[in-house]
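J.: Next comes the structure file structure_12.cif, holding mmCIF, C-alpha atoms.
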data_data
#
loop_
_atom_site.label_atom_id
_atom_site.label_comp_id
_atom_site.auth_asym_id
_atom_site.auth_seq_id
_atom_site.Cartn_x
_atom_site.Cartn_y
_atom_site.Cartn_z
CA MET A 9 -3.37 -27.49 23.31
CA SER A 10 -4.46 -24.30 25.07
CA ALA A 11 -8.08 -23.11 25.07
CA LEU A 12 -7.00 -20.26 22.82
CA ALA A 13 -5.39 -22.66 20.34
CA VAL A 14 -8.53 -24.83 20.34
CA ALA A 15 -10.65 -21.77 19.61
CA ALA A 16 -8.33 -20.74 16.82
CA ALA A 17 -8.34 -24.23 15.32
CA THR A 18 -12.15 -24.18 15.41
CA ALA A 19 -12.09 -20.80 13.64
CA VAL A 20 -9.87 -22.27 10.92
CA GLY A 21 -12.23 -25.18 10.48
CA VAL A 22 -15.28 -22.95 10.19
CA ALA A 23 -13.58 -20.61 7.72
CA GLY A 24 -12.59 -23.58 5.62
CA VAL A 25 -16.18 -24.23 4.56
CA ILE A 26 -16.88 -20.68 3.45
CA ALA A 27 -16.67 -19.96 -0.26
CA PRO A 28 -16.35 -16.17 -0.28
CA MET A 29 -16.18 -15.97 -4.05
CA GLY A 30 -17.89 -19.24 -4.87
CA GLY A 31 -17.17 -22.66 -6.15
CA GLY A 32 -13.70 -23.82 -5.20
CA PRO A 33 -13.04 -27.00 -3.21
CA GLY A 34 -12.94 -26.51 0.55
CA GLY A 35 -14.24 -22.98 0.18
CA ARG A 36 -11.36 -21.88 -2.02
CA PRO A 37 -12.50 -19.49 -4.78
CA GLU A 38 -12.48 -21.01 -8.24
CA THR A 39 -9.42 -20.36 -10.37
CA PRO A 40 -10.31 -17.66 -12.92
CA PRO A 41 -9.89 -18.19 -16.66
CA GLY A 42 -6.25 -18.06 -17.73
CA HIS A 43 -4.89 -19.34 -14.41
CA ASP A 44 -4.05 -23.04 -14.34
CA ARG A 45 -3.63 -23.28 -10.57
CA PRO A 46 -4.89 -21.21 -7.65
CA LEU A 47 -2.58 -18.70 -6.03
CA GLN A 48 -1.10 -19.80 -2.70
CA LEU A 49 -0.19 -16.94 -0.38
CA GLY A 50 2.99 -16.90 1.67
CA VAL A 51 1.07 -17.62 4.87
CA GLU A 52 -0.47 -20.71 3.26
CA VAL A 53 2.92 -21.98 2.11
CA LEU A 54 4.32 -21.38 5.60
CA LEU A 55 1.53 -23.36 7.28
CA ALA A 56 1.73 -26.21 4.77
CA ASP A 57 5.47 -26.62 4.33
CA GLU A 58 7.70 -24.18 6.19
CA LEU A 59 6.72 -24.20 9.87
CA ASP A 60 10.28 -25.27 10.62
CA LEU A 61 11.15 -21.57 10.27
CA LEU A 62 9.35 -21.01 13.56
CA ALA A 63 10.18 -24.26 15.40
CA GLY A 64 11.19 -23.83 19.03
CA GLN A 65 10.76 -20.05 18.91
CA ARG A 66 8.60 -17.30 20.35
CA VAL A 67 6.91 -15.53 17.45
CA GLY A 68 6.12 -11.83 17.09
CA LEU A 69 3.62 -11.14 14.29
CA ILE A 70 3.37 -7.81 12.45
CA THR A 71 -0.04 -7.78 10.81
CA ASN A 72 -3.42 -6.13 10.26
CA PRO A 73 -6.80 -7.27 8.86
CA THR A 74 -5.23 -8.13 5.49
CA GLY A 75 -3.19 -10.89 7.08
CA THR A 76 -5.51 -13.75 6.11
CA THR A 77 -5.47 -17.03 4.25
CA SER A 78 -7.48 -17.36 1.04
CA ASP A 79 -10.53 -18.52 3.00
CA LEU A 80 -10.32 -15.40 5.21
CA THR A 81 -8.88 -17.07 8.30
CA HIS A 82 -6.75 -14.43 10.00
CA THR A 83 -3.04 -15.17 10.20
CA ILE A 84 -3.19 -14.59 13.97
CA ASP A 85 -5.71 -17.41 14.35
CA ALA A 86 -3.98 -19.66 11.82
CA LEU A 87 -0.59 -19.32 13.52
CA ILE A 88 -2.05 -19.91 16.98
CA ALA A 89 -3.84 -22.99 15.67
CA GLY A 90 -0.53 -24.33 14.36
CA GLU A 91 1.46 -23.85 17.57
CA ALA A 92 1.42 -27.48 18.67
CA GLU A 93 2.28 -28.85 15.24
CA GLY A 94 5.01 -26.29 14.62
CA ASP A 95 6.44 -26.28 18.16
CA TYR A 96 6.37 -22.50 18.51
CA GLU A 97 4.37 -19.91 20.45
CA VAL A 98 2.91 -16.61 19.28
CA THR A 99 3.82 -14.16 22.04
CA ALA A 100 3.30 -10.64 20.63
CA LEU A 101 1.49 -8.68 17.93
CA TYR A 102 2.65 -5.48 16.24
CA GLY A 103 0.35 -3.06 14.45
CA PRO A 104 1.11 -0.59 11.59
CA GLU A 105 -0.87 2.53 10.69
CA HIS A 106 -4.61 1.87 11.28
CA GLY A 107 -3.74 -0.82 13.85
CA VAL A 108 -3.81 -4.62 14.03
CA ARG A 109 -7.60 -4.63 13.72
CA GLY A 110 -7.62 -1.88 11.09
CA GLY A 111 -10.18 0.62 12.37
CA VAL A 112 -7.99 3.61 13.22
CA PRO A 113 -8.28 6.57 10.78
CA ALA A 114 -5.44 7.61 8.48
CA GLY A 115 -2.67 9.43 10.29
CA ALA A 116 -4.19 8.85 13.75
CA TYR A 117 -2.00 7.66 16.63
CA VAL A 118 -2.28 3.94 17.31
CA GLU A 119 -1.87 2.94 20.96
CA SER A 120 -0.30 -0.21 22.41
CA TYR A 121 -2.67 -2.46 24.36
CA VAL A 122 -3.56 -6.07 25.21
CA ASP A 123 -5.65 -7.87 22.59
CA GLU A 124 -8.90 -8.96 24.24
CA ARG A 125 -9.38 -12.06 22.03
CA THR A 126 -5.93 -13.59 22.36
CA GLY A 127 -4.56 -11.93 25.48
CA LEU A 128 -1.42 -11.03 23.51
CA PRO A 129 0.36 -7.70 23.90
CA VAL A 130 -0.12 -5.45 20.86
CA TYR A 131 2.69 -2.98 20.25
CA SER A 132 2.05 0.07 18.11
CA LEU A 133 4.44 0.79 15.25
CA TYR A 134 2.57 3.93 14.25
CA GLY A 135 2.96 6.85 16.62
CA PRO A 136 5.91 7.96 18.74
CA THR A 137 7.59 4.58 18.13
CA ARG A 138 7.75 3.39 14.51
CA LYS A 139 10.74 1.13 14.93
CA PRO A 140 10.38 -1.75 17.44
CA THR A 141 12.44 -1.12 20.55
CA ALA A 142 14.55 -3.70 22.34
CA GLU A 143 11.89 -3.78 25.06
CA MET A 144 9.14 -4.54 22.50
CA LEU A 145 11.21 -7.44 21.15
CA GLU A 146 12.22 -8.94 24.49
CA GLY A 147 9.58 -11.67 24.41
CA VAL A 148 10.12 -12.85 20.84
CA ASP A 149 12.79 -14.83 19.00
CA VAL A 150 11.57 -14.31 15.43
CA LEU A 151 9.54 -11.56 13.74
CA VAL A 152 6.97 -12.45 11.07
CA PHE A 153 5.48 -9.86 8.69
CA ASP A 154 2.13 -10.51 6.98
CA ILE A 155 0.47 -7.36 5.61
CA GLN A 156 -1.00 -6.57 2.19
CA ASP A 157 0.79 -3.69 0.52
CA ILE A 158 -0.92 -1.42 -2.03
CA GLY A 159 1.99 -0.94 -4.47
CA ALA A 160 2.56 2.78 -3.80
CA ARG A 161 5.64 4.22 -2.09
CA PHE A 162 3.59 6.54 0.11
CA TYR A 163 1.54 3.70 1.63
CA THR A 164 3.23 3.30 5.00
CA TYR A 165 3.16 -0.47 5.60
CA ILE A 166 6.36 -1.10 3.64
CA TRP A 167 8.18 1.40 5.82
CA THR A 168 6.89 -0.33 8.96
CA MET A 169 8.50 -3.45 7.48
CA TYR A 170 11.72 -1.51 6.79
CA TYR A 171 12.02 -0.28 10.37
CA ALA A 172 11.12 -3.71 11.76
CA MET A 173 13.82 -5.33 9.61
CA GLU A 174 16.31 -2.76 10.87
CA ALA A 175 15.34 -3.51 14.48
CA ALA A 176 15.49 -7.27 13.89
CA ALA A 177 19.02 -6.93 12.52
CA GLU A 178 20.13 -4.83 15.49
CA GLN A 179 18.58 -7.23 18.01
CA GLY A 180 19.70 -10.43 16.28
CA LYS A 181 16.18 -11.67 15.51
CA PRO A 182 15.36 -13.53 12.27
CA PHE A 183 12.80 -11.78 10.05
CA VAL A 184 10.24 -13.76 8.03
CA VAL A 185 8.10 -12.14 5.33
CA LEU A 186 4.95 -13.96 4.21
CA ASP A 187 4.66 -12.72 0.66
CA ARG A 188 1.51 -11.30 -0.93
CA PRO A 189 0.66 -9.94 -4.40
CA ASN A 190 1.29 -6.38 -5.47
CA PRO A 191 -2.16 -4.96 -6.37
CA LEU A 192 -0.62 -3.13 -9.35
CA GLY A 193 1.39 -6.09 -10.59
CA ASP A 194 5.01 -5.56 -11.57
CA ARG A 195 4.50 -2.24 -13.37
CA ILE A 196 6.74 0.60 -12.20
CA ASP A 197 6.08 4.31 -12.64
CA GLY A 198 6.58 7.69 -11.07
CA PRO A 199 9.62 9.56 -9.79
CA VAL A 200 12.26 7.82 -7.70
CA LEU A 201 12.49 9.43 -4.25
CA GLU A 202 15.31 11.89 -3.74
CA TYR A 203 17.22 10.54 -0.75
CA PRO A 204 17.93 11.73 1.89
CA GLU A 205 16.46 15.18 1.21
CA LEU A 206 12.84 14.01 1.01
CA SER A 207 12.96 10.90 3.16
CA SER A 208 9.88 10.55 5.40
CA PHE A 209 7.48 7.87 6.59
CA VAL A 210 5.60 8.18 3.28
CA GLY A 211 8.87 7.36 1.52
CA LEU A 212 11.99 6.46 3.44
CA ARG A 213 14.21 5.30 0.61
CA GLU A 214 14.85 5.78 -3.10
CA ILE A 215 12.20 3.66 -4.82
CA PRO A 216 9.63 4.79 -7.43
CA LEU A 217 6.18 5.98 -6.45
CA GLN A 218 4.73 2.84 -8.10
CA HIS A 219 7.41 0.33 -7.19
CA GLY A 220 6.22 -2.87 -8.92
CA LEU A 221 7.49 -5.27 -6.23
CA THR A 222 5.84 -7.57 -3.71
CA VAL A 223 6.60 -7.05 -0.02
CA GLY A 224 8.94 -10.04 -0.16
CA GLU A 225 10.82 -8.59 -3.10
CA LEU A 226 11.00 -5.20 -1.38
CA ALA A 227 12.36 -6.89 1.75
CA GLY A 228 15.20 -8.41 -0.27
CA LEU A 229 15.97 -5.06 -1.89
CA PHE A 230 15.88 -3.22 1.45
CA ASN A 231 18.07 -5.83 3.10
CA SER A 232 20.84 -5.81 0.52
CA GLU A 233 20.75 -2.24 -0.79
CA PHE A 234 19.54 0.04 1.99
CA LEU A 235 19.94 -1.38 5.51
CA ALA A 236 23.22 -0.57 7.25
CA ALA A 237 23.31 -4.12 8.64
CA PRO A 238 21.26 -6.83 6.89
CA ALA A 239 18.66 -8.82 8.78
CA ASP A 240 18.55 -12.62 8.86
CA LEU A 241 15.79 -12.54 6.23
CA HIS A 242 13.62 -15.37 4.91
CA VAL A 243 10.83 -14.69 2.41
CA VAL A 244 8.12 -17.34 2.17
CA THR A 245 7.25 -16.97 -1.50
CA MET A 246 3.83 -17.45 -3.05
CA ARG A 247 3.07 -20.29 -5.41
CA ASN A 248 1.41 -19.87 -8.80
CA TYR A 249 1.82 -16.10 -8.70
CA ASP A 250 1.83 -14.20 -11.98
CA ALA A 251 3.86 -11.08 -11.31
CA ALA A 252 2.14 -9.17 -14.11
CA SER A 253 -1.35 -9.72 -12.66
CA ILE A 254 -3.23 -6.82 -11.12
CA VAL A 255 -5.93 -7.09 -8.46
CA ALA A 256 -8.69 -7.63 -11.02
CA ASP A 257 -7.02 -10.95 -11.91
CA TRP A 258 -6.73 -12.42 -8.42
CA ASP A 259 -8.79 -15.38 -7.28
CA LEU A 260 -9.01 -13.89 -3.78
CA PRO A 261 -11.62 -12.02 -1.76
CA TRP A 262 -10.74 -8.36 -1.19
CA VAL A 263 -9.89 -7.36 2.38
CA LEU A 264 -9.58 -3.60 2.60
CA PRO A 265 -5.98 -2.80 3.63
CA SER A 266 -7.02 0.51 5.21
CA PRO A 267 -10.34 2.29 5.85
CA ASN A 268 -10.18 4.31 2.61
CA ILE A 269 -9.16 1.49 0.25
CA PRO A 270 -12.48 -0.40 0.35
CA THR A 271 -12.38 -1.98 -3.14
CA ARG A 272 -10.03 -3.37 -5.76
CA GLU A 273 -10.85 -0.39 -7.95
CA THR A 274 -9.72 2.00 -5.21
CA ALA A 275 -6.39 0.19 -5.00
CA LEU A 276 -5.84 0.64 -8.73
CA VAL A 277 -6.35 4.41 -8.70
CA TYR A 278 -4.70 5.20 -5.35
CA PRO A 279 -1.08 5.84 -6.50
CA GLY A 280 -2.37 8.66 -8.71
CA THR A 281 -5.39 10.13 -6.97
CA GLY A 282 -3.53 9.89 -3.68
CA LEU A 283 -1.64 12.94 -4.94
CA ILE A 284 -4.86 14.96 -4.47
CA GLU A 285 -4.05 14.82 -0.74
CA SER A 286 -1.49 17.53 -1.50
CA ILE A 287 -4.03 20.19 -2.52
CA ASN A 288 -7.05 21.88 -0.92
CA VAL A 289 -9.46 19.58 -2.77
CA SER A 290 -11.05 16.52 -1.16
CA GLU A 291 -9.64 13.21 -2.41
CA GLY A 292 -12.91 11.54 -1.43
CA ARG A 293 -12.16 10.62 2.17
CA GLY A 294 -15.42 10.77 4.08
CA THR A 295 -17.45 9.77 1.00
CA THR A 296 -18.47 6.36 -0.29
CA THR A 297 -15.93 6.69 -3.13
CA PRO A 298 -12.56 7.60 -1.57
CA PHE A 299 -9.88 8.28 -4.20
CA LEU A 300 -12.47 7.67 -6.94
CA TRP A 301 -14.00 11.12 -6.46
CA PHE A 302 -12.50 14.53 -5.89
CA GLY A 303 -14.19 17.84 -5.21
CA ALA A 304 -14.53 21.00 -3.16
CA PRO A 305 -17.30 23.39 -2.07
CA TYR A 306 -15.92 26.12 -4.35
CA ILE A 307 -16.44 23.90 -7.44
CA ASP A 308 -19.95 24.47 -8.82
CA GLU A 309 -21.99 22.27 -11.17
CA THR A 310 -20.88 24.06 -14.32
CA GLU A 311 -17.25 23.71 -13.31
CA SER A 312 -17.76 20.02 -12.48
CA TYR A 313 -18.99 19.39 -16.01
CA ALA A 314 -16.11 21.38 -17.47
CA LEU A 315 -13.54 19.45 -15.41
CA ALA A 316 -14.96 16.09 -16.51
CA ALA A 317 -15.11 17.19 -20.15
CA GLU A 318 -11.52 18.39 -20.15
CA LEU A 319 -10.23 15.20 -18.53
CA ASN A 320 -12.20 13.04 -20.98
CA SER A 321 -10.73 15.03 -23.88
CA ARG A 322 -7.18 14.06 -22.91
CA GLY A 323 -7.51 10.45 -24.06
CA LEU A 324 -6.29 8.85 -20.83
CA PRO A 325 -6.51 5.06 -21.20
CA GLY A 326 -8.82 2.86 -19.15
CA VAL A 327 -10.87 5.63 -17.56
CA THR A 328 -13.80 7.97 -18.05
CA PHE A 329 -14.80 10.95 -15.91
CA ARG A 330 -18.28 11.97 -14.73
CA PRO A 331 -19.38 15.16 -12.95
CA MET A 332 -20.56 14.32 -9.44
CA SER A 333 -21.34 16.18 -6.22
CA ALA A 334 -20.79 14.85 -2.70
CA THR A 335 -20.70 15.95 0.93
CA PRO A 336 -17.68 14.53 2.77
CA THR A 337 -18.42 13.39 6.32
CA SER A 338 -14.78 13.57 7.44
CA SER A 339 -11.36 14.89 6.43
CA LYS A 340 -11.29 17.85 4.02
CA HIS A 341 -14.47 19.93 3.58
CA THR A 342 -16.42 17.95 6.18
CA GLY A 343 -20.15 18.64 5.89
CA ALA A 344 -19.75 20.94 2.86
CA PHE A 345 -21.67 20.17 -0.32
CA SER A 346 -18.98 19.92 -2.98
CA GLY A 347 -18.91 19.76 -6.73
CA GLY A 348 -16.39 17.48 -8.35
CA VAL A 349 -15.69 14.52 -10.59
CA GLN A 350 -15.95 10.74 -10.23
CA ILE A 351 -13.39 8.41 -11.82
CA HIS A 352 -14.79 5.31 -13.56
CA LEU A 353 -12.33 2.62 -14.61
CA THR A 354 -13.14 1.05 -17.97
CA ASP A 355 -9.99 -1.04 -18.44
CA ALA A 356 -8.06 -1.93 -15.29
CA ALA A 357 -5.11 -3.38 -17.21
CA GLY A 358 -4.73 -0.29 -19.40
CA TYR A 359 -5.24 2.30 -16.66
CA GLU A 360 -2.23 4.48 -15.74
CA PRO A 361 -2.76 5.72 -12.19
CA ILE A 362 0.11 8.20 -11.84
CA ARG A 363 -0.34 9.70 -15.29
CA THR A 364 -4.05 10.12 -14.55
CA GLY A 365 -3.32 11.70 -11.16
CA LEU A 366 -0.98 14.26 -12.71
CA HIS A 367 -3.56 15.16 -15.33
CA VAL A 368 -6.17 15.65 -12.59
CA LEU A 369 -3.87 18.05 -10.72
CA ASP A 370 -3.04 19.87 -13.95
CA VAL A 371 -6.71 20.38 -14.88
CA LEU A 372 -7.70 21.48 -11.38
CA PHE A 373 -4.95 24.12 -11.22
CA ASP A 374 -5.76 25.26 -14.74
CA GLN A 375 -9.55 25.57 -14.40
CA ILE A 376 -10.30 26.33 -10.71
CA ASP A 377 -8.81 29.55 -9.33
CA GLU A 378 -9.21 28.53 -5.69
CA VAL A 379 -7.10 25.38 -6.00
CA ASP A 380 -3.84 25.60 -4.07
CA TRP A 381 -1.33 23.36 -2.33
CA ARG A 382 -2.73 22.34 1.02
CA GLU A 383 -0.07 24.36 2.90
CA GLY A 384 -1.13 27.52 1.04
CA ALA A 385 1.29 30.38 1.67
CA ASN A 386 3.74 27.96 3.31
CA CYS A 387 4.27 26.22 -0.03
CA ARG A 388 5.62 28.91 -2.33
CA THR A 389 9.38 28.54 -2.73
CA ALA A 390 11.75 25.91 -4.06
CA GLU A 391 13.17 25.52 -0.54
CA ASP A 392 9.79 24.65 1.02
CA THR A 393 8.99 21.00 1.64
CA CYS A 394 5.32 20.55 0.79
CA TRP A 395 3.13 17.47 1.00
CA ILE A 396 3.23 17.12 -2.79
CA ASP A 397 7.05 16.93 -2.56
CA GLN A 398 6.90 14.17 0.04
CA LEU A 399 4.28 12.21 -1.91
CA THR A 400 6.09 12.44 -5.24
CA GLY A 401 9.52 12.19 -3.63
CA THR A 402 10.80 15.21 -5.53
CA ARG A 403 10.30 18.99 -5.70
CA ASP A 404 10.47 18.84 -9.48
CA VAL A 405 6.85 17.75 -9.98
CA ARG A 406 5.54 20.73 -8.01
CA ALA A 407 7.82 23.13 -9.87
CA GLN A 408 6.83 21.78 -13.27
CA LEU A 409 3.10 21.80 -12.53
CA GLU A 410 3.38 25.42 -11.36
CA ALA A 411 5.30 26.28 -14.54
CA GLY A 412 2.57 24.76 -16.73
CA VAL A 413 4.67 21.85 -17.99
CA ALA A 414 2.41 19.21 -19.58
CA PRO A 415 1.93 16.08 -17.44
CA ASP A 416 3.25 13.76 -20.14
CA GLU A 417 6.41 15.85 -20.39
CA ILE A 418 6.84 15.58 -16.62
CA ILE A 419 6.50 11.79 -16.93
CA ALA A 420 9.14 11.63 -19.65
CA GLY A 421 11.60 13.24 -17.25
CA TRP A 422 11.70 10.33 -14.82
CA GLN A 423 12.13 7.46 -17.31
CA ALA A 424 15.93 7.25 -16.93
CA ASP A 425 15.61 6.94 -13.13
CA LEU A 426 12.96 4.25 -13.58
CA ALA A 427 15.24 2.27 -15.86
CA ALA A 428 18.02 2.47 -13.29
CA PHE A 429 15.70 1.28 -10.52
CA ASP A 430 14.43 -1.54 -12.72
CA ALA A 431 18.00 -2.78 -13.10
CA LEU A 432 18.67 -2.41 -9.36
CA ALA A 433 15.54 -4.38 -8.48
CA GLU A 434 16.03 -7.18 -10.98
CA PRO A 435 18.11 -9.49 -8.72
CA TYR A 436 15.45 -9.30 -6.01
CA ARG A 437 12.48 -10.33 -8.15
CA LEU A 438 11.17 -13.68 -6.93
CA TYR A 439 8.67 -14.52 -9.67
CA PRO A 440 10.57 -14.53 -12.96
CA ASP A 441 8.20 -16.79 -14.89
CA GLY A 442 5.52 -14.17 -15.55
CA PRO A 443 5.08 -12.59 -18.97
CA GLY A 444 7.39 -9.73 -18.08
CA ARG A 445 7.24 -6.28 -16.59
CA GLY A 446 5.46 -3.47 -18.31
CA ARG A 447 5.53 0.29 -18.08
CA PRO A 448 2.25 2.18 -18.15
#
Can the structure in the file be given as structure tokens, please?

T.:
Amino acid sequence: MSALAVAAATAVGVAGVIAPMGGGPGGRPETPPGHDRPLQLGVEVLLADELDLLAGQRVGLITNPTGTTSDLTHTIDALIAGEAEGDYEVTALYGPEHGVRGGVPAGAYVESYVDERTGLPVYSLYGPTRKPTAEMLEGVDVLVFDIQDIGARFYTYIWTMYYAMEAAAEQGKPFVVLDRPNPLGDRIDGPVLEYPELSSFVGLREIPLQHGLTVGELAGLFNSEFLAAPADLHVVTMRNYDAASIVADWDLPWVLPSPNIPTRETALVYPGTGLIESINVSEGRGTTTPFLWFGAPYIDETESYALAAELNSRGLPGVTFRPMSATPTSSKHTGAFSGGVQIHLTDAAGYEPIRTGLHVLDVLFDQIDEVDWREGANCRTAEDTCWIDQLTGTRDVRAQLEAGVAPDEIIAGWQADLAAFDALAEPYRLYPDGPGRGRP
């Protein structure tokens, strides 16, 4: 065993005695009420029972800080520790947006480099090259994907997986997905992306904004429905996973999947308040409550109270709104004291993120004269492609908001497309024993 493998094995042993959320045997968090058995992640099933998938091969791992076991051992360390037993070798790492170690800001270029801990090459899949090249894959025989998704189409990790699957198919490399929960459970909502007109890296293919699938389920859908040539795909499924569960139900510590998703609560609101990125109002980046606060320097205290009161009057489930001021330290309105509103979840299971996000946009446009699309004068016609169009996957939402169409009427307009997607996705669902899918 190499010195690196010994170090990794030691790291696994140390992590095994930590109880990050208390109580469970061997450091495993206790199973919460209503769950008979603890959830086993795909990486844990791989290490326990399916290492034959990697036997005799050089392994390339696509991951970031969320690639961990339940006791917070990183998948990089766990796979290196298992090299001798599994008769394989980890030879390369691949990083999505924010990088393998997760510290790069949203949208910033991620460079390729050599990892100082492991000595492994780290290839960037966020920057000029988003699809692995033949050169990047030369030293590997099998690609493994282990990243926590957030459940929203415009979160880019699933599209890193899509491009990597496409490259694996072209280069004849097997592709293994280590499955993880969807933070929003199996609920689907939002418009289905109009393809190919609005295809981009915040939505390559025609899935809903809130897609309701795990990364493993998405991989199966991508492979059979969207890729020109299917990859040799194997999904290592979770055990004891309830597909209807949301992040509040998990018996797992929270590892932030990106710098501005620091908490479970942030993950729950993100598919809706992420739409605030499309206007000239801060979505909370650069504050201690990203995506749970929105505001701008042209919103004063009186207007903050009026915004909160109007949103509270709309009867949105699972949420209450409070006037709050903040001074963002980065992103929009850096250093400017800003009035705004904080979102407080009161019922995670009942909360409807996309409906809430549309109501927030509607109220801001209705009550604050200065609010505009972030492109300003460059977002005025039906032919323009604005950030709101790319995030929603359609120009219809922008047009209807500008025309004063009520948010709930907008939502009613995409139900037929959601039903069609639900039927398309059904054969690729891997966890059929849950209580069933629900619509917000």

J.: With only C-alpha atoms counted and 6 Å as the cut-off, give the residues of region 230-312 of chain A in contact with region 50-68 of chain A, each with its shortest interatomic distance in Å and the pair that gives it, as a tab-separated table.

T.:
residue	atom	partner	partner_atom	distance
A:Val244	CA	A:Gly50	CA	5.2
A:Thr245	CA	A:Gly50	CA	5.3
A:Met246	CA	A:Gly50	CA	4.8

J.: CA of Ala433 (chain A) to CA of Ala237 (chain A): how many Å, to one decimal?

T.: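 Interatomic distance here is 18.8 Å.
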
J.: Given the file shown, determine the residues that the PyMOL selection byres ((chain A and resi 165-176) around 9) selects; report them as a PyMOL selection string.

T.: chain A and resi 70+103-105+133-134+138-142+145+150-151+153+155-158+161-164+177-183+185+209-213+223+226-227+230-231+235-241

J.: Mind giving me the straight-line distance from CA of Gly292 (chain A) to CA of Pro336 (chain A) in Å, one decimal?

T.: 7.0 Å

J.: Where does the PyMOL selection byres ((chain A and resi 356) around 9) land in this file, that is, which residues does it pick, as a PyMOL selection string?

T.: chain A and resi 254-256+273+276+326-327+353-355+357-360

J.: For Val368 (chain A), please output as a ChimeraX atom specification all residues within 10 Å (counting all atoms listed in the file; exclusion window: fewer than 5 positions along the same chain).

T.: /A:280-281,283-284,302,315-316,318-319,349,362-363,373-374,415

J.: Go ahead and write the selection's residues with C-alpha atoms as a compact mmCIF listing (two decimals), in the coordinates of the input.

T.:
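Saved result, again_4.txt, follows:
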# COMPACT_ATOMS: atom_id res chain seq x y z
CA GLY A 280 -2.37 8.66 -8.71
CA THR A 281 -5.39 10.13 -6.97
CA LEU A 283 -1.64 12.94 -4.94
CA ILE A 284 -4.86 14.96 -4.47
CA PHE A 302 -12.50 14.53 -5.89
CA LEU A 315 -13.54 19.45 -15.41
CA ALA A 316 -14.96 16.09 -16.51
CA GLU A 318 -11.52 18.39 -20.15
CA LEU A 319 -10.23 15.20 -18.53
CA VAL A 349 -15.69 14.52 -10.59
CA ILE A 362 0.11 8.20 -11.84
CA ARG A 363 -0.34 9.70 -15.29
CA PHE A 373 -4.95 24.12 -11.22
CA ASP A 374 -5.76 25.26 -14.74
CA PRO A 415 1.93 16.08 -17.44

J.: How far is it from CA of Glu285 (chain A) to CA of Cys387 (chain A), in Å with one decimal?

T.: 14.1 Å

J.: Between A:Leu260, A:Ile396, A:Leu221, A:Ala344, which residue has the minimum interatomic distance to Gly294 (chain A), considering all atoms listed in the file?

T.: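 Ranked by minimum distance to Gly294 (chain A), first place goes to A:Ala344.
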
J.: Counting all atoms listed in the file, give me one row per residue of region 210-270 of chain A with an atom at most 7 Å from an atom of region 195-203 of chain A, showing the shortest contact pair and its distance in Å to one decimal, sorted by chain then residue number, as CSV.

T.:
residue,atom,partner,partner_atom,distance
A:Arg213,CA,A:Tyr203,CA,6.2
A:Glu214,CA,A:Leu201,CA,4.5
A:Ile215,CA,A:Val200,CA,5.1
A:Pro216,CA,A:Val200,CA,4.0
A:Leu217,CA,A:Gly198,CA,4.9
A:Gln218,CA,A:Asp197,CA,5.0
A:His219,CA,A:Ile196,CA,5.1
A:Gly220,CA,A:Ile196,CA,4.8
